[in-house]
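Structure file upload_22.tsv; described as TSV, C-alpha atoms.
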chain	number	residue	atom	x	y	z
K	8	MET	CA	44.03	-71.41	-4.34
K	9	ASP	CA	46.06	-71.24	-1.10
K	10	ASN	CA	48.20	-68.15	-0.49
K	11	MET	CA	46.69	-66.06	-3.26
K	12	THR	CA	48.22	-62.65	-3.94
K	13	PRO	CA	46.10	-59.58	-3.17
K	14	LYS	CA	45.52	-58.97	-6.88
K	15	GLU	CA	44.49	-62.58	-7.45
K	16	ARG	CA	42.14	-62.45	-4.46
K	17	ILE	CA	40.48	-59.25	-5.68
K	18	TRP	CA	40.04	-60.49	-9.25
K	19	ALA	CA	38.75	-63.89	-8.15
K	20	THR	CA	36.18	-62.19	-5.92
K	21	ILE	CA	35.03	-59.86	-8.70
K	22	ASN	CA	34.76	-62.80	-11.10
K	23	ARG	CA	32.95	-64.93	-8.48
K	24	GLN	CA	35.67	-67.55	-8.40
K	25	PRO	CA	36.91	-69.44	-5.32
K	26	VAL	CA	39.24	-67.59	-2.96
K	27	ASP	CA	41.40	-68.71	-0.05
K	28	ARG	CA	39.73	-66.04	2.10
K	29	PRO	CA	37.66	-62.90	1.56
K	30	PRO	CA	39.68	-59.84	0.51
K	31	VAL	CA	40.05	-56.81	2.79
K	32	ASP	CA	40.76	-53.35	1.39
K	33	LEU	CA	41.38	-50.13	3.31
K	34	TRP	CA	40.30	-46.57	2.58
K	35	CYS	CA	41.72	-44.06	5.03
K	36	THR	CA	42.62	-40.41	5.52
K	37	PRO	CA	46.27	-39.28	5.51
K	38	GLU	CA	46.14	-39.05	9.32
K	39	VAL	CA	45.19	-42.72	9.61
K	40	LEU	CA	47.85	-43.75	7.13
K	41	ASP	CA	50.41	-41.90	9.23
K	42	SER	CA	49.25	-43.80	12.32
K	43	LEU	CA	49.73	-47.07	10.44
K	44	ARG	CA	53.19	-45.95	9.33
K	45	LYS	CA	54.06	-45.39	12.97
K	46	TYR	CA	52.59	-48.74	13.99
K	47	THR	CA	54.51	-50.70	11.34
K	48	SER	CA	57.69	-48.56	11.47
K	49	LEU	CA	57.44	-48.33	7.68
K	50	GLN	CA	57.19	-45.16	5.60
K	51	ASP	CA	56.41	-46.56	2.15
K	52	GLU	CA	52.63	-46.66	1.77
K	53	MET	CA	52.54	-49.94	-0.15
K	54	ALA	CA	54.96	-51.53	2.30
K	55	VAL	CA	52.48	-50.66	5.07
K	56	TYR	CA	49.61	-52.38	3.25
K	57	ASN	CA	51.81	-55.39	2.53
K	58	LYS	CA	52.94	-55.67	6.15
K	59	LEU	CA	49.34	-55.59	7.41
K	60	GLY	CA	48.16	-58.15	4.86
K	61	ILE	CA	45.70	-55.77	3.21
K	62	ASP	CA	44.40	-56.59	-0.27
K	63	LYS	CA	44.88	-52.99	-1.24
K	64	ILE	CA	43.34	-51.74	-4.45
K	65	VAL	CA	45.85	-48.99	-5.16
K	66	TRP	CA	44.64	-45.60	-6.38
K	67	ILE	CA	46.04	-44.49	-9.72
K	68	PHE	CA	45.46	-40.75	-10.17
K	69	PRO	CA	47.22	-39.07	-13.09
K	70	GLY	CA	48.86	-35.75	-12.43
K	71	TYR	CA	47.70	-32.74	-14.38
K	72	GLY	CA	49.73	-29.88	-15.78
K	73	GLY	CA	52.78	-30.75	-13.72
K	74	ARG	CA	50.81	-31.09	-10.49
K	75	PHE	CA	49.87	-34.34	-8.79
K	76	PHE	CA	46.15	-34.57	-8.22
K	77	ASP	CA	43.89	-36.75	-6.13
K	78	PRO	CA	40.51	-35.92	-4.55
K	79	ASN	CA	42.21	-35.20	-1.19
K	80	ASP	CA	44.71	-32.78	-2.71
K	81	SER	CA	44.09	-29.11	-2.07
K	82	GLY	CA	45.41	-25.60	-2.13
K	83	GLU	CA	45.47	-23.45	-5.21
K	84	ILE	CA	42.90	-24.30	-7.91
K	85	THR	CA	41.67	-27.64	-9.23
K	86	MET	CA	42.07	-28.67	-12.85
K	87	TRP	CA	38.45	-27.58	-13.35
K	88	GLY	CA	39.24	-24.05	-12.18
K	89	VAL	CA	37.68	-24.41	-8.72
K	90	PRO	CA	39.50	-22.72	-5.81
K	91	THR	CA	39.96	-24.81	-2.67
K	92	ARG	CA	41.09	-24.36	0.90
K	93	MET	CA	42.09	-26.70	3.69
K	94	VAL	CA	39.83	-26.77	6.74
K	95	LYS	CA	40.87	-28.13	10.13
K	96	ALA	CA	38.16	-30.05	11.99
K	97	GLY	CA	39.33	-31.74	15.18
K	98	LEU	CA	42.14	-34.12	14.27
K	99	ALA	CA	41.31	-34.04	10.58
K	100	THR	CA	42.12	-31.72	7.70
K	101	TYR	CA	39.70	-31.60	4.79
K	102	GLN	CA	39.54	-30.06	1.37
K	103	GLU	CA	36.73	-27.55	0.84
K	104	TYR	CA	35.70	-26.15	-2.52
K	105	ILE	CA	35.05	-22.40	-2.52
K	106	ASP	CA	33.97	-19.70	-4.96
K	107	PRO	CA	32.43	-21.94	-7.67
K	108	PRO	CA	33.57	-20.36	-10.93
K	109	ILE	CA	30.34	-20.77	-12.96
K	110	ALA	CA	27.94	-19.98	-10.12
K	111	ASP	CA	26.63	-16.87	-11.89
K	112	TYR	CA	26.16	-18.44	-15.32
K	113	MET	CA	22.59	-18.87	-16.50
K	114	ASP	CA	22.77	-19.75	-20.21
K	115	PRO	CA	24.72	-22.56	-21.90
K	116	SER	CA	26.27	-20.03	-24.29
K	117	GLU	CA	28.26	-18.60	-21.37
K	118	LEU	CA	30.21	-21.85	-21.15
K	119	LEU	CA	32.04	-20.85	-24.34
K	120	GLY	CA	33.74	-18.08	-22.39
K	121	TYR	CA	34.96	-20.33	-19.59
K	122	HIS	CA	38.73	-20.71	-19.94
K	123	SER	CA	39.53	-23.35	-17.31
K	124	TRP	CA	38.31	-26.52	-18.97
K	125	PRO	CA	40.97	-29.24	-18.52
K	126	ASP	CA	43.01	-30.27	-21.54
K	127	PRO	CA	43.13	-34.09	-21.82
K	128	ASP	CA	46.67	-33.83	-23.25
K	129	LYS	CA	47.95	-32.33	-19.98
K	130	PHE	CA	47.26	-35.40	-17.86
K	131	ASP	CA	50.36	-37.33	-16.80
K	132	TYR	CA	49.60	-40.72	-18.31
K	133	ALA	CA	53.22	-41.83	-18.04
K	134	GLY	CA	53.27	-41.01	-14.33
K	135	ALA	CA	50.05	-42.95	-13.80
K	136	LYS	CA	51.54	-45.94	-15.59
K	137	ALA	CA	54.64	-45.80	-13.41
K	138	LEU	CA	52.52	-45.73	-10.26
K	139	ALA	CA	50.49	-48.68	-11.51
K	140	LYS	CA	53.67	-50.63	-12.23
K	141	GLU	CA	54.84	-49.97	-8.68
K	142	ALA	CA	51.54	-51.32	-7.33
K	143	ARG	CA	51.98	-54.39	-9.50
K	144	SER	CA	55.44	-54.97	-8.01
K	145	TRP	CA	53.64	-55.47	-4.67
K	146	ASN	CA	51.02	-57.74	-6.31
K	147	PHE	CA	48.24	-55.24	-5.66
K	148	ALA	CA	45.20	-54.56	-7.82
K	149	THR	CA	44.73	-51.03	-9.15
K	150	ILE	CA	41.88	-48.55	-9.50
K	151	GLY	CA	41.71	-45.23	-11.31
K	152	PRO	CA	41.30	-42.61	-12.50
K	153	TRP	CA	38.67	-40.66	-10.55
K	154	ILE	CA	35.89	-39.61	-12.92
K	155	SER	CA	32.56	-37.98	-12.16
K	156	HIS	CA	29.66	-36.11	-13.65
K	157	PHE	CA	27.57	-34.51	-10.91
K	158	GLU	CA	30.29	-34.12	-8.28
K	159	ILE	CA	32.40	-32.05	-10.66
K	160	TYR	CA	29.33	-30.07	-11.68
K	161	CYS	CA	28.62	-29.30	-8.00
K	162	GLN	CA	32.21	-28.14	-7.50
K	163	MET	CA	32.04	-25.78	-10.49
K	164	ARG	CA	28.50	-24.55	-9.90
K	165	GLY	CA	28.09	-24.74	-6.11
K	166	LEU	CA	25.90	-27.35	-4.43
K	167	GLU	CA	22.81	-25.19	-3.97
K	168	ASN	CA	22.86	-24.02	-7.58
K	169	ALA	CA	23.52	-27.54	-8.82
K	170	LEU	CA	20.53	-28.95	-6.97
K	171	MET	CA	18.28	-26.12	-8.15
K	172	ASP	CA	19.43	-26.64	-11.74
K	173	THR	CA	17.92	-30.13	-11.77
K	174	LEU	CA	14.54	-28.40	-11.44
K	175	ALA	CA	14.91	-24.83	-12.70
K	176	ASN	CA	17.68	-24.88	-15.30
K	177	PRO	CA	18.03	-28.40	-16.70
K	178	ASP	CA	19.28	-27.20	-20.10
K	179	PHE	CA	22.27	-25.50	-18.50
K	180	LEU	CA	22.92	-28.56	-16.34
K	181	ASP	CA	22.82	-30.84	-19.36
K	182	ALA	CA	25.10	-28.63	-21.48
K	183	THR	CA	27.70	-28.37	-18.72
K	184	VAL	CA	27.65	-32.04	-17.85
K	185	GLU	CA	28.06	-32.87	-21.53
K	186	ARG	CA	31.30	-30.85	-21.57
K	187	ILE	CA	32.46	-32.47	-18.32
K	188	ASP	CA	31.70	-35.87	-19.79
K	189	ALA	CA	33.50	-35.26	-23.08
K	190	ILE	CA	36.76	-34.15	-21.45
K	191	GLN	CA	36.88	-37.08	-19.07
K	192	THR	CA	35.96	-39.59	-21.76
K	193	VAL	CA	39.05	-38.60	-23.76
K	194	MET	CA	41.22	-38.80	-20.64
K	195	LEU	CA	39.69	-42.15	-19.64
K	196	GLU	CA	40.28	-43.73	-23.03
K	197	ARG	CA	43.91	-42.54	-22.95
K	198	MET	CA	44.32	-44.11	-19.51
K	199	LEU	CA	42.78	-47.38	-20.64
K	200	THR	CA	44.93	-47.45	-23.78
K	201	GLU	CA	48.25	-46.53	-22.18
K	202	LEU	CA	48.01	-48.44	-18.88
K	203	LYS	CA	46.72	-51.63	-20.49
K	204	ASP	CA	47.02	-54.55	-18.02
K	205	GLU	CA	48.32	-52.29	-15.24
K	206	LEU	CA	44.81	-50.97	-14.60
K	207	ASP	CA	42.10	-53.27	-13.20
K	208	ILE	CA	39.16	-51.12	-12.10
K	209	VAL	CA	37.85	-47.69	-13.08
K	210	PHE	CA	36.50	-45.51	-10.27
K	211	ILE	CA	33.34	-43.52	-10.99
K	212	SER	CA	32.19	-41.32	-8.14
K	213	ASP	CA	28.86	-39.50	-8.10
K	214	ASP	CA	27.27	-39.16	-4.68
K	215	MET	CA	23.53	-39.37	-5.22
K	216	GLY	CA	22.38	-40.03	-1.66
K	217	MET	CA	21.99	-38.25	1.65
K	218	GLN	CA	21.75	-39.85	5.08
K	219	ASP	CA	18.03	-40.51	4.70
K	220	SER	CA	17.08	-40.04	1.04
K	221	MET	CA	18.25	-39.45	-2.53
K	222	LEU	CA	20.09	-36.18	-3.16
K	223	ILE	CA	18.30	-35.58	-6.47
K	224	SER	CA	15.18	-37.17	-7.91
K	225	LEU	CA	15.40	-40.45	-9.74
K	226	ASP	CA	13.86	-38.76	-12.78
K	227	SER	CA	16.68	-36.18	-12.85
K	228	TRP	CA	19.30	-38.90	-12.56
K	229	GLU	CA	17.74	-40.86	-15.41
K	230	THR	CA	17.48	-37.75	-17.60
K	231	HIS	CA	20.94	-36.27	-17.09
K	232	PHE	CA	23.24	-39.01	-15.88
K	233	LYS	CA	22.07	-42.53	-16.63
K	234	HIS	CA	22.93	-42.64	-20.35
K	235	ARG	CA	26.30	-41.02	-19.74
K	236	LEU	CA	27.15	-43.53	-17.03
K	237	LYS	CA	26.16	-46.38	-19.34
K	238	ASN	CA	28.43	-45.02	-22.07
K	239	TRP	CA	31.33	-44.97	-19.64
K	240	CYS	CA	30.59	-48.51	-18.44
K	241	ASP	CA	30.42	-49.75	-22.03
K	242	LEU	CA	33.75	-48.10	-22.82
K	243	ILE	CA	35.44	-49.51	-19.72
K	244	HIS	CA	34.12	-53.01	-20.37
K	245	SER	CA	35.34	-52.86	-23.97
K	246	TYR	CA	38.87	-52.73	-22.51
K	247	GLY	CA	38.21	-55.68	-20.21
K	248	LYS	CA	38.13	-53.57	-17.04
K	249	LYS	CA	35.64	-53.45	-14.17
K	250	VAL	CA	33.60	-50.48	-12.92
K	251	LEU	CA	33.42	-49.47	-9.27
K	252	TYR	CA	30.67	-46.92	-8.66
K	253	HIS	CA	30.77	-44.86	-5.48
K	254	THR	CA	27.76	-43.19	-3.94
K	255	ASP	CA	27.13	-42.55	-0.27
K	256	GLY	CA	23.76	-42.49	1.42
K	257	ALA	CA	20.28	-43.92	1.00
K	258	VAL	CA	20.35	-44.86	-2.68
K	259	LEU	CA	18.21	-47.99	-2.84
K	260	PRO	CA	15.96	-46.55	-5.63
K	261	LEU	CA	19.07	-45.93	-7.75
K	262	ILE	CA	20.50	-49.43	-7.66
K	263	PRO	CA	18.39	-51.04	-10.43
K	264	GLY	CA	19.42	-48.23	-12.81
K	265	LEU	CA	23.08	-48.63	-11.87
K	266	ILE	CA	22.84	-52.31	-12.71
K	267	GLU	CA	21.23	-51.47	-16.06
K	268	CYS	CA	24.16	-49.15	-16.79
K	269	GLY	CA	26.56	-52.02	-16.19
K	270	ILE	CA	28.43	-51.20	-12.96
K	271	ASP	CA	30.25	-54.17	-11.48
K	272	ILE	CA	31.05	-53.05	-7.93
K	273	LEU	CA	28.97	-50.84	-5.60
K	274	ASN	CA	30.64	-48.83	-2.83
K	275	PRO	CA	30.48	-47.94	0.06
K	276	ILE	CA	27.25	-49.62	1.33
K	277	GLN	CA	26.25	-47.16	4.06
K	278	HIS	CA	23.94	-49.63	5.74
K	279	VAL	CA	22.80	-47.30	8.54
K	280	CYS	CA	20.81	-45.38	5.91
K	281	PRO	CA	17.17	-46.28	5.17
K	282	GLY	CA	16.81	-49.07	2.62
K	283	MET	CA	20.49	-50.04	2.71
K	284	ASP	CA	20.14	-53.12	4.93
K	285	ARG	CA	23.01	-55.47	4.14
K	286	ALA	CA	21.09	-58.74	4.05
K	287	ASN	CA	18.33	-57.28	1.87
K	288	LEU	CA	20.82	-55.72	-0.55
K	289	LYS	CA	22.59	-59.05	-0.89
K	290	GLU	CA	19.33	-60.91	-1.45
K	291	GLN	CA	18.02	-58.43	-4.02
K	292	TYR	CA	21.18	-57.49	-5.89
K	293	GLY	CA	23.94	-59.89	-4.88
K	294	LYS	CA	23.71	-61.78	-8.16
K	295	ASP	CA	24.32	-58.56	-10.11
K	296	LEU	CA	26.79	-56.64	-7.96
K	297	ILE	CA	30.01	-57.07	-6.05
K	298	PHE	CA	29.84	-55.09	-2.81
K	299	HIS	CA	32.80	-53.06	-1.50
K	300	GLY	CA	32.85	-51.37	1.91
K	301	GLY	CA	30.18	-51.90	4.52
K	302	VAL	CA	32.06	-51.64	7.83
K	303	GLU	CA	30.23	-48.85	9.65
K	304	ASN	CA	32.39	-45.73	9.79
K	305	GLN	CA	30.35	-43.08	11.59
K	306	ARG	CA	30.40	-44.72	15.02
K	307	THR	CA	31.65	-48.31	15.16
K	308	LEU	CA	35.04	-48.09	13.46
K	309	PRO	CA	36.13	-44.71	14.89
K	310	MET	CA	34.51	-44.94	18.34
K	311	GLY	CA	33.54	-48.55	19.01
K	312	THR	CA	35.41	-51.13	21.01
K	313	VAL	CA	37.58	-53.77	19.37
K	314	GLY	CA	34.83	-56.29	20.08
K	315	GLU	CA	32.23	-54.12	18.39
K	316	VAL	CA	34.46	-53.74	15.31
K	317	ILE	CA	34.93	-57.51	15.16
K	318	ASP	CA	31.16	-58.06	15.40
K	319	GLU	CA	30.46	-55.41	12.76
K	320	THR	CA	33.04	-56.88	10.39
K	321	ARG	CA	31.70	-60.40	10.83
K	322	LYS	CA	28.17	-59.15	10.18
K	323	CYS	CA	29.33	-57.66	6.87
K	324	LEU	CA	31.06	-60.91	5.93
K	325	GLU	CA	27.98	-62.97	6.81
K	326	THR	CA	25.54	-60.74	4.87
K	327	LEU	CA	27.27	-58.85	2.05
K	328	GLY	CA	29.80	-61.67	1.80
K	329	LYS	CA	27.34	-64.56	1.80
K	330	ASP	CA	28.43	-66.92	-1.01
K	331	GLY	CA	31.22	-64.52	-2.00
K	332	GLY	CA	31.10	-61.35	-4.07
K	333	TYR	CA	32.27	-59.02	-1.30
K	334	ILE	CA	35.41	-56.95	-0.70
K	335	CYS	CA	35.43	-55.92	2.95
K	336	CYS	CA	36.44	-52.34	3.68
K	337	SER	CA	35.53	-49.40	5.84
K	338	CYS	CA	32.40	-47.59	4.71
K	339	HIS	CA	34.33	-44.72	3.08
K	340	ASN	CA	37.63	-43.42	4.51
K	341	ALA	CA	38.60	-44.42	8.03
K	342	GLN	CA	38.65	-41.02	9.69
K	343	ALA	CA	41.36	-39.21	11.62
K	344	GLY	CA	41.51	-40.43	15.21
K	345	THR	CA	40.31	-43.93	14.40
K	346	PRO	CA	42.24	-46.22	16.78
K	347	VAL	CA	44.83	-48.39	15.10
K	348	GLU	CA	43.58	-51.36	17.10
K	349	ASN	CA	40.13	-50.98	15.52
K	350	ILE	CA	41.56	-50.96	12.01
K	351	LEU	CA	43.66	-54.01	12.84
K	352	ALA	CA	40.54	-55.72	14.25
K	353	MET	CA	38.72	-55.23	10.95
K	354	ILE	CA	41.68	-56.51	8.93
K	355	ASP	CA	42.42	-59.51	11.15
K	356	THR	CA	38.74	-60.52	11.37
K	357	VAL	CA	38.62	-60.81	7.58
K	358	LYS	CA	41.97	-62.59	7.32
K	359	THR	CA	40.90	-65.27	9.81
K	360	TYR	CA	37.28	-65.55	8.68
K	361	ARG	CA	35.99	-68.92	7.62
K	362	LYS	CA	32.40	-69.85	6.90
Can you dump the structure from the file as structure tokens?
Amino acid sequence: MDNMTPKERIWATINRQPVDRPPVDLWCTPEVLDSLRKYTSLQDEMAVYNKLGIDKIVWIFPGYGGRFFDPNDSGEITMWGVPTRMVKAGLATYQEYIDPPIADYMDPSELLGYHSWPDPDKFDYAGAKALAKEARSWNFATIGPWISHFEIYCQMRGLENALMDTLANPDFLDATVERIDAIQTVMLERMLTELKDELDIVFISDDMGMQDSMLISLDSWETHFKHRLKNWCDLIHSYGKKVLYHTDGAVLPLIPGLIECGIDILNPIQHVCPGMDRANLKEQYGKDLIFHGGVENQRTLPMGTVGEVIDETRKCLETLGKDGGYICCSCHNAQAGTPVENILAMIDTVKTYRK
């Protein structure tokens, strides 16, 4: 068990087996990665993670139509036909979706005239496999692709319209999400088939929470999304892979349904939100879920002292990590301007942690 590789440590944690120490992952913006490149004097991203001793779960995003895509990519138009622009905010640069292409649609029949549905044959499965093989050469676990129901719908429809549709136009919502689901299901099965053992975890992202409440009603989630999520989980599990489900915010009412669908790992555990107390989550759902994330990322990690980051990280390890079943990480991406010493404090606290 001593000196486990990052991949071994991640898989042992997910399978609730003994580990030499808890794993520590890192999500970060490109600006933070650049600061870590400078700190380590290394340019290769995976070499940086290796040097810092991070148990990185490497993102595997397939390109599309000759263009590399990940959720932070921008400029031009997404594979779903949504224009984007880059927005500068302080030290950070963010992608912003603009001009939702089906904002004016009202009837499901109009979807037949939409010409920007992705073609599953245009995804770069070979490129994804090559990236996964590179991650394996560093003994890292892998996660991908990025699939979603409601987040893609919001991009195509616009957030205000999307939220209103859950109440005023549920038939249109359901018809569109069905099309979104079908396209990604074909792509997902191709990924699972072609990457085989090079892929460990599938990433499903559907933000359903705000800072203080659910984004949509639980009834709407159960009507439009629950059965589709379960179908994806069943498919992923049939290939022997694990499911990481990402949702920000105060989503305590959602968690029992997520467990019923079959998710394995819940991220990012935004514990400053009502109902998301770490100890209570572990007590209620720790037997059913692996937790990923947790280290507070709105104040402590970007603006706290090194001592505060150490205390915050230890608190996560002692609550979410009680009796195992926890992959320590920042609660979503470490943001631009986050001090390198704070990131190192999180990493080193986990690496030296003993019960």
Open item on the list: Ranking K:Trp145, K:Thr100, K:Ile67, K:Met310 by minimum distance to Leu199 (chain K) and counting all atoms listed in the file, which one comes first?
Closed with: K:Ile67
- [ ] Considering all atoms listed in the file, return as an NGL selection string whatever protein or nucleic-acid residues lie within 12 Å of Asp204 (chain K), sequence-local ones (same chain, fewer than 3 positions apart) excluded.
- [x] :K and (136 or 139-140 or 143 or 148-150 or 198-201 or 207-208 or 246-248)
Task: Pairwise distance for CA of Gly301 (chain K) and CA of Cys323 (chain K), rounded to one decimal in Å - done: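 For CA of Gly301 (chain K) relative to CA of Cys323 (chain K), the distance reads 6.3 Å.
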Task: Nearest residue to Val209 (chain K) from the set K:Asp114, K:Asp330, K:Asp271, K:Asp181 (distances using all atoms listed in the file) - done: K:Asp271
- [ ] Can you work out which one of K:Leu202, K:Ile190, K:Gly88, K:Leu119 has the shortest atom-to-atom distance to Ala133 (chain K), counting all atoms listed in the file?
- [x]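 Of K:Leu202, K:Ile190, K:Gly88, K:Leu119, the one nearest Ala133 (chain K) is K:Leu202, counting all atoms listed in the file.
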Subset file as a short mmCIF file (atom, residue, chain, number, x, y, z; two decimals), in the first residue's frame: region 34-43 of chain K, all heavy atoms:
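Full text of decode_13.cif as output:
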data_model
loop_
_atom_site.label_atom_id
_atom_site.label_comp_id
_atom_site.auth_asym_id
_atom_site.auth_seq_id
_atom_site.Cartn_x
_atom_site.Cartn_y
_atom_site.Cartn_z
N TRP K 34 -8.30 21.43 -9.34
CA TRP K 34 -9.00 22.12 -10.44
C TRP K 34 -8.52 23.56 -10.41
O TRP K 34 -8.50 24.20 -9.34
CB TRP K 34 -10.51 22.09 -10.22
CG TRP K 34 -11.18 20.78 -10.49
CD1 TRP K 34 -10.61 19.55 -10.54
CD2 TRP K 34 -12.57 20.59 -10.73
NE1 TRP K 34 -11.55 18.59 -10.81
CE2 TRP K 34 -12.77 19.20 -10.92
CE3 TRP K 34 -13.67 21.43 -10.80
CZ2 TRP K 34 -14.02 18.65 -11.18
CZ3 TRP K 34 -14.92 20.89 -11.05
CH2 TRP K 34 -15.09 19.52 -11.24
N CYS K 35 -8.15 24.11 -11.54
CA CYS K 35 -7.67 25.48 -11.54
C CYS K 35 -7.88 26.13 -12.90
O CYS K 35 -8.02 25.45 -13.91
CB CYS K 35 -6.19 25.54 -11.15
SG CYS K 35 -5.06 24.74 -12.32
N THR K 36 -7.90 27.45 -12.91
CA THR K 36 -8.01 28.21 -14.15
C THR K 36 -6.66 28.21 -14.87
O THR K 36 -5.62 27.90 -14.27
CB THR K 36 -8.43 29.66 -13.86
OG1 THR K 36 -7.39 30.28 -13.08
CG2 THR K 36 -9.75 29.72 -13.10
N PRO K 37 -6.65 28.58 -16.16
CA PRO K 37 -5.37 28.65 -16.88
C PRO K 37 -4.37 29.59 -16.22
O PRO K 37 -3.15 29.33 -16.25
CB PRO K 37 -5.78 29.16 -18.26
CG PRO K 37 -7.20 28.69 -18.43
CD PRO K 37 -7.81 28.80 -17.06
N GLU K 38 -4.86 30.67 -15.60
CA GLU K 38 -3.95 31.61 -14.94
C GLU K 38 -3.22 30.95 -13.78
O GLU K 38 -2.02 31.17 -13.56
CB GLU K 38 -4.72 32.84 -14.45
CG GLU K 38 -5.33 33.68 -15.56
CD GLU K 38 -6.74 33.25 -15.95
OE1 GLU K 38 -7.19 32.19 -15.47
OE2 GLU K 38 -7.38 33.97 -16.73
N VAL K 39 -3.93 30.14 -13.02
CA VAL K 39 -3.31 29.44 -11.88
C VAL K 39 -2.33 28.39 -12.37
O VAL K 39 -1.23 28.25 -11.82
CB VAL K 39 -4.40 28.82 -10.98
CG1 VAL K 39 -3.77 27.89 -9.94
CG2 VAL K 39 -5.20 29.92 -10.29
N LEU K 40 -2.71 27.68 -13.43
CA LEU K 40 -1.78 26.69 -13.98
C LEU K 40 -0.49 27.36 -14.44
O LEU K 40 0.61 26.85 -14.22
CB LEU K 40 -2.43 25.94 -15.14
CG LEU K 40 -1.57 24.89 -15.83
CD1 LEU K 40 -1.09 23.83 -14.84
CD2 LEU K 40 -2.34 24.24 -16.98
N ASP K 41 -0.61 28.54 -15.05
CA ASP K 41 0.59 29.26 -15.47
C ASP K 41 1.45 29.65 -14.27
O ASP K 41 2.69 29.61 -14.36
CB ASP K 41 0.19 30.52 -16.25
CG ASP K 41 -0.27 30.20 -17.67
OD1 ASP K 41 -0.01 29.07 -18.14
OD2 ASP K 41 -0.93 31.06 -18.28
N SER K 42 0.83 30.02 -13.16
CA SER K 42 1.60 30.36 -11.97
C SER K 42 2.33 29.14 -11.42
O SER K 42 3.45 29.24 -10.90
CB SER K 42 0.70 30.98 -10.90
OG SER K 42 -0.16 30.02 -10.32
N LEU K 43 1.72 27.96 -11.55
CA LEU K 43 2.37 26.73 -11.10
C LEU K 43 3.48 26.31 -12.06
O LEU K 43 4.48 25.73 -11.64
CB LEU K 43 1.33 25.62 -10.95
CG LEU K 43 0.28 25.85 -9.86
CD1 LEU K 43 -0.77 24.75 -9.88
CD2 LEU K 43 0.92 25.95 -8.49
#
